[in-house]
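> Can you keep this structure in mind? I'll have questions shortly.
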Amino acid sequence: MTATPSAEALVQRLVAARVGTTFNQYRDERLAERLTRYLEERSDAPVLLVGEAAGYRGARVSGIPFTSERQLTGDGPGEATATIVHRVLADLALENHVVLWNVVPTHPGTATSNRPPTRLEITAALPFARELARDRRVVAVGRIAEAALAAPYVRHPSHGGAAAFRETLAACLR
């Protein structure tokens with residue numbers, strides 16, 4: 001499958017982007033290609049589910065927001081939030097109808113930790129989310145995404161929020 005020019009162009013801009021002091025995992029050609037394929041496969045998805053930032057066990061390693069390498073290949077690190085998000089999307093029969101993204105698609109933190117993105121990082125990364133949001137219903141996962149995108153809020157699934165995430169997402173998409 002050949003990526004659409006818009007998915008390819010977005011990912012190439014992301015590869016070249018400097019987002020504050022975040023780690024840009026998309027400079028790894030394998031992850032950039034994986035993200036391009038992912039976006040192309042979901043080019044007609046009507047919903048954009050946007051979190052805060054790439055996690056050190058999730059998108060930093062897999063290249064796909066809210067997704068761990070273990071979910072993609074059966075190997076590598078797993079990530080609790082990714083597991084919850086994919087399980088809920090499957091339960092709601094939404095897996096192929098949602099594009100997963102982060103306000104800051106690159107990783108703030110280290111190879112073994114996360115940190116919240118700064119305002120500067122959020123501002124620098126917002127054009128990517130806004131481009132993906134065109135012609136889609138946007139749902140913010142967590143307060144940082146809600147504030148950045150002025151989108152309807154659903155509870156982030158971390159720190160005991162799995163049930164509330166499921167409930168608020170289902171209610172938001174009714």
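Residues in the structure tokens are numbered from 1 in each chain, the chains being A, B, ... in the order shown, and ligands are numbered from 1 in the order shown.
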Set out as a Markdown table a contact list for range 87-110 of chain A and range 63-72 of chain A with a cut-off of 7 Å, giving each residue of range 87-110 of chain A that qualifies its closest atom pair and distance in Å to one decimal, counting only C-alpha atoms, ordered by chain and rising residue number.

```
| residue | atom | partner | partner_atom | distance |
| --- | --- | --- | --- | --- |
| A:Leu100 | CA | A:Pro65 | CA | 5.5 |
| A:Trp101 | CA | A:Pro65 | CA | 5.2 |
| A:Asn102 | CA | A:Pro65 | CA | 6.5 |
```
> Could you save those same residues with N, CA, C and O atoms as a compact mmCIF listing (two decimals), in the first residue's frame?

```txt
# COMPACT_ATOMS: atom_id res chain seq x y z
N LEU A 100 -5.33 7.40 16.59
CA LEU A 100 -4.74 7.71 17.88
C LEU A 100 -3.60 8.70 17.65
O LEU A 100 -2.80 8.52 16.72
N TRP A 101 -3.51 9.71 18.51
CA TRP A 101 -2.48 10.73 18.36
C TRP A 101 -2.17 11.33 19.71
O TRP A 101 -2.84 11.04 20.69
N ASN A 102 -1.15 12.16 19.77
CA ASN A 102 -0.80 12.91 20.98
C ASN A 102 -0.59 14.36 20.62
O ASN A 102 -0.08 14.67 19.54
```
> Taking 3 positions as the minimum chain separation for residues in the same chain, which residues sit within 8 Å of range 129-134 of chain A when counting only C-alpha atoms? Answer as a compact mmCIF listing (two decimals) with N, CA and C atoms, in the first residue's frame.

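As written to disk, result_29.txt reads:
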```
# COMPACT_ATOMS: atom_id res chain seq x y z
N LEU A 48 -10.56 11.38 15.94
CA LEU A 48 -9.17 11.56 16.36
C LEU A 48 -9.15 11.59 17.87
N VAL A 50 -6.91 12.06 21.02
CA VAL A 50 -5.63 12.73 21.25
C VAL A 50 -5.26 12.73 22.73
N TRP A 101 -3.51 9.71 18.51
CA TRP A 101 -2.48 10.73 18.36
C TRP A 101 -2.17 11.33 19.71
N ASN A 102 -1.15 12.16 19.77
CA ASN A 102 -0.80 12.91 20.98
C ASN A 102 -0.59 14.36 20.62
N VAL A 103 -0.96 15.25 21.53
CA VAL A 103 -0.71 16.68 21.33
C VAL A 103 0.77 16.86 20.99
N ALA A 125 4.05 21.53 18.61
CA ALA A 125 3.50 20.29 18.06
C ALA A 125 2.05 20.39 17.62
N LEU A 126 1.34 21.42 18.04
CA LEU A 126 -0.09 21.53 17.71
C LEU A 126 -0.43 21.48 16.23
N ARG A 137 -13.96 14.17 14.14
CA ARG A 137 -14.40 14.51 15.48
C ARG A 137 -13.21 14.30 16.41
N VAL A 138 -12.87 15.30 17.20
CA VAL A 138 -11.70 15.24 18.08
C VAL A 138 -12.15 15.00 19.51
```
> Considering only C-alpha atoms, give me a table of residues in range 28-137 of chain A that are at most 8 Å from range 147-157 of chain A, with the closest atom pair and distance in Å for each, as CSV.

```
residue,atom,partner,partner_atom,distance
A:Gly51,CA,A:His156,CA,7.9
A:Thr81,CA,A:Pro157,CA,6.0
A:Ile84,CA,A:Pro157,CA,6.8
A:Val85,CA,A:Pro157,CA,7.4
A:Val103,CA,A:Ala148,CA,7.4
A:Ile122,CA,A:Ala148,CA,7.4
A:Leu126,CA,A:Ala148,CA,7.7
```
> Let's see if you can do this: from backbone DSSP, list all helix (DSSP H, G or I) residues in range 91-144 of chain A, as a list in words.
Asp91, Glu95, Asn96, His97, Arg119, Leu120, Glu121, Ile122, Thr123, Ala124, Ala125, Leu126, Pro127, Phe128, Ala129, Arg130, Glu131, Leu132, Ala133, Arg143 and Ile144 of chain A
> Given the selection you just returned, output its residues as a file containing C-alpha atoms, formatted as a CSV table (one decimal), in the first residue's frame.

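Just written: result.csv:
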```
chain,number,residue,atom,x,y,z
A,91,ASP,CA,-15.0,-3.5,23.2
A,95,GLU,CA,-10.5,0.2,16.6
A,96,ASN,CA,-10.6,0.9,12.9
A,97,HIS,CA,-12.7,4.1,13.2
A,119,ARG,CA,3.8,24.9,26.8
A,120,LEU,CA,6.5,25.6,24.2
A,121,GLU,CA,6.5,21.9,23.2
A,122,ILE,CA,2.7,21.9,23.0
A,123,THR,CA,2.6,25.0,20.8
A,124,ALA,CA,5.3,23.6,18.5
A,125,ALA,CA,3.5,20.3,18.1
A,126,LEU,CA,-0.1,21.5,17.7
A,127,PRO,CA,0.0,21.9,13.9
A,128,PHE,CA,0.3,18.1,13.6
A,129,ALA,CA,-2.8,17.5,15.7
A,130,ARG,CA,-4.7,20.2,13.9
A,131,GLU,CA,-3.9,18.8,10.5
A,132,LEU,CA,-5.0,15.3,11.6
A,133,ALA,CA,-8.2,16.9,13.1
A,143,ARG,CA,-6.7,17.7,30.6
A,144,ILE,CA,-3.6,18.7,28.7
```
> List every residue of range 52-121 of chain A that has an atom at most 10 Å from any atom of range 21-39 of chain A, giving for each one its closest atom pair and the distance in Å to one decimal, counting only C-alpha atoms, sorted by chain and then by ascending residue number, as JSON lines.

```
{"residue": "A:Ala53", "atom": "CA", "partner": "A:Thr22", "partner_atom": "CA", "distance": 9.7}
{"residue": "A:Ala54", "atom": "CA", "partner": "A:Gln25", "partner_atom": "CA", "distance": 9.3}
{"residue": "A:Tyr56", "atom": "CA", "partner": "A:Phe23", "partner_atom": "CA", "distance": 9.8}
{"residue": "A:Ala59", "atom": "CA", "partner": "A:Gln25", "partner_atom": "CA", "distance": 8.1}
{"residue": "A:Arg60", "atom": "CA", "partner": "A:Gln25", "partner_atom": "CA", "distance": 5.6}
{"residue": "A:Val61", "atom": "CA", "partner": "A:Gln25", "partner_atom": "CA", "distance": 7.4}
{"residue": "A:Ser62", "atom": "CA", "partner": "A:Leu31", "partner_atom": "CA", "distance": 6.8}
{"residue": "A:Gly63", "atom": "CA", "partner": "A:Leu31", "partner_atom": "CA", "distance": 4.9}
{"residue": "A:Ile64", "atom": "CA", "partner": "A:Leu35", "partner_atom": "CA", "distance": 6.0}
{"residue": "A:Pro65", "atom": "CA", "partner": "A:Leu35", "partner_atom": "CA", "distance": 8.9}
{"residue": "A:Val99", "atom": "CA", "partner": "A:Leu39", "partner_atom": "CA", "distance": 7.3}
{"residue": "A:Leu100", "atom": "CA", "partner": "A:Leu39", "partner_atom": "CA", "distance": 9.1}
{"residue": "A:Trp101", "atom": "CA", "partner": "A:Leu39", "partner_atom": "CA", "distance": 9.9}
{"residue": "A:Val104", "atom": "CA", "partner": "A:Thr22", "partner_atom": "CA", "distance": 8.8}
{"residue": "A:Pro105", "atom": "CA", "partner": "A:Asn24", "partner_atom": "CA", "distance": 8.3}
{"residue": "A:Thr106", "atom": "CA", "partner": "A:Asn24", "partner_atom": "CA", "distance": 5.0}
{"residue": "A:His107", "atom": "CA", "partner": "A:Phe23", "partner_atom": "CA", "distance": 4.9}
{"residue": "A:Pro108", "atom": "CA", "partner": "A:Thr22", "partner_atom": "CA", "distance": 4.4}
{"residue": "A:Gly109", "atom": "CA", "partner": "A:Thr22", "partner_atom": "CA", "distance": 6.8}
{"residue": "A:Thr110", "atom": "CA", "partner": "A:Phe23", "partner_atom": "CA", "distance": 7.8}
{"residue": "A:Ala111", "atom": "CA", "partner": "A:Phe23", "partner_atom": "CA", "distance": 8.9}
{"residue": "A:Arg115", "atom": "CA", "partner": "A:Thr22", "partner_atom": "CA", "distance": 9.7}
{"residue": "A:Pro117", "atom": "CA", "partner": "A:Thr22", "partner_atom": "CA", "distance": 8.2}
{"residue": "A:Thr118", "atom": "CA", "partner": "A:Thr21", "partner_atom": "CA", "distance": 9.3}
{"residue": "A:Leu120", "atom": "CA", "partner": "A:Thr21", "partner_atom": "CA", "distance": 9.8}
{"residue": "A:Glu121", "atom": "CA", "partner": "A:Thr22", "partner_atom": "CA", "distance": 7.8}
```
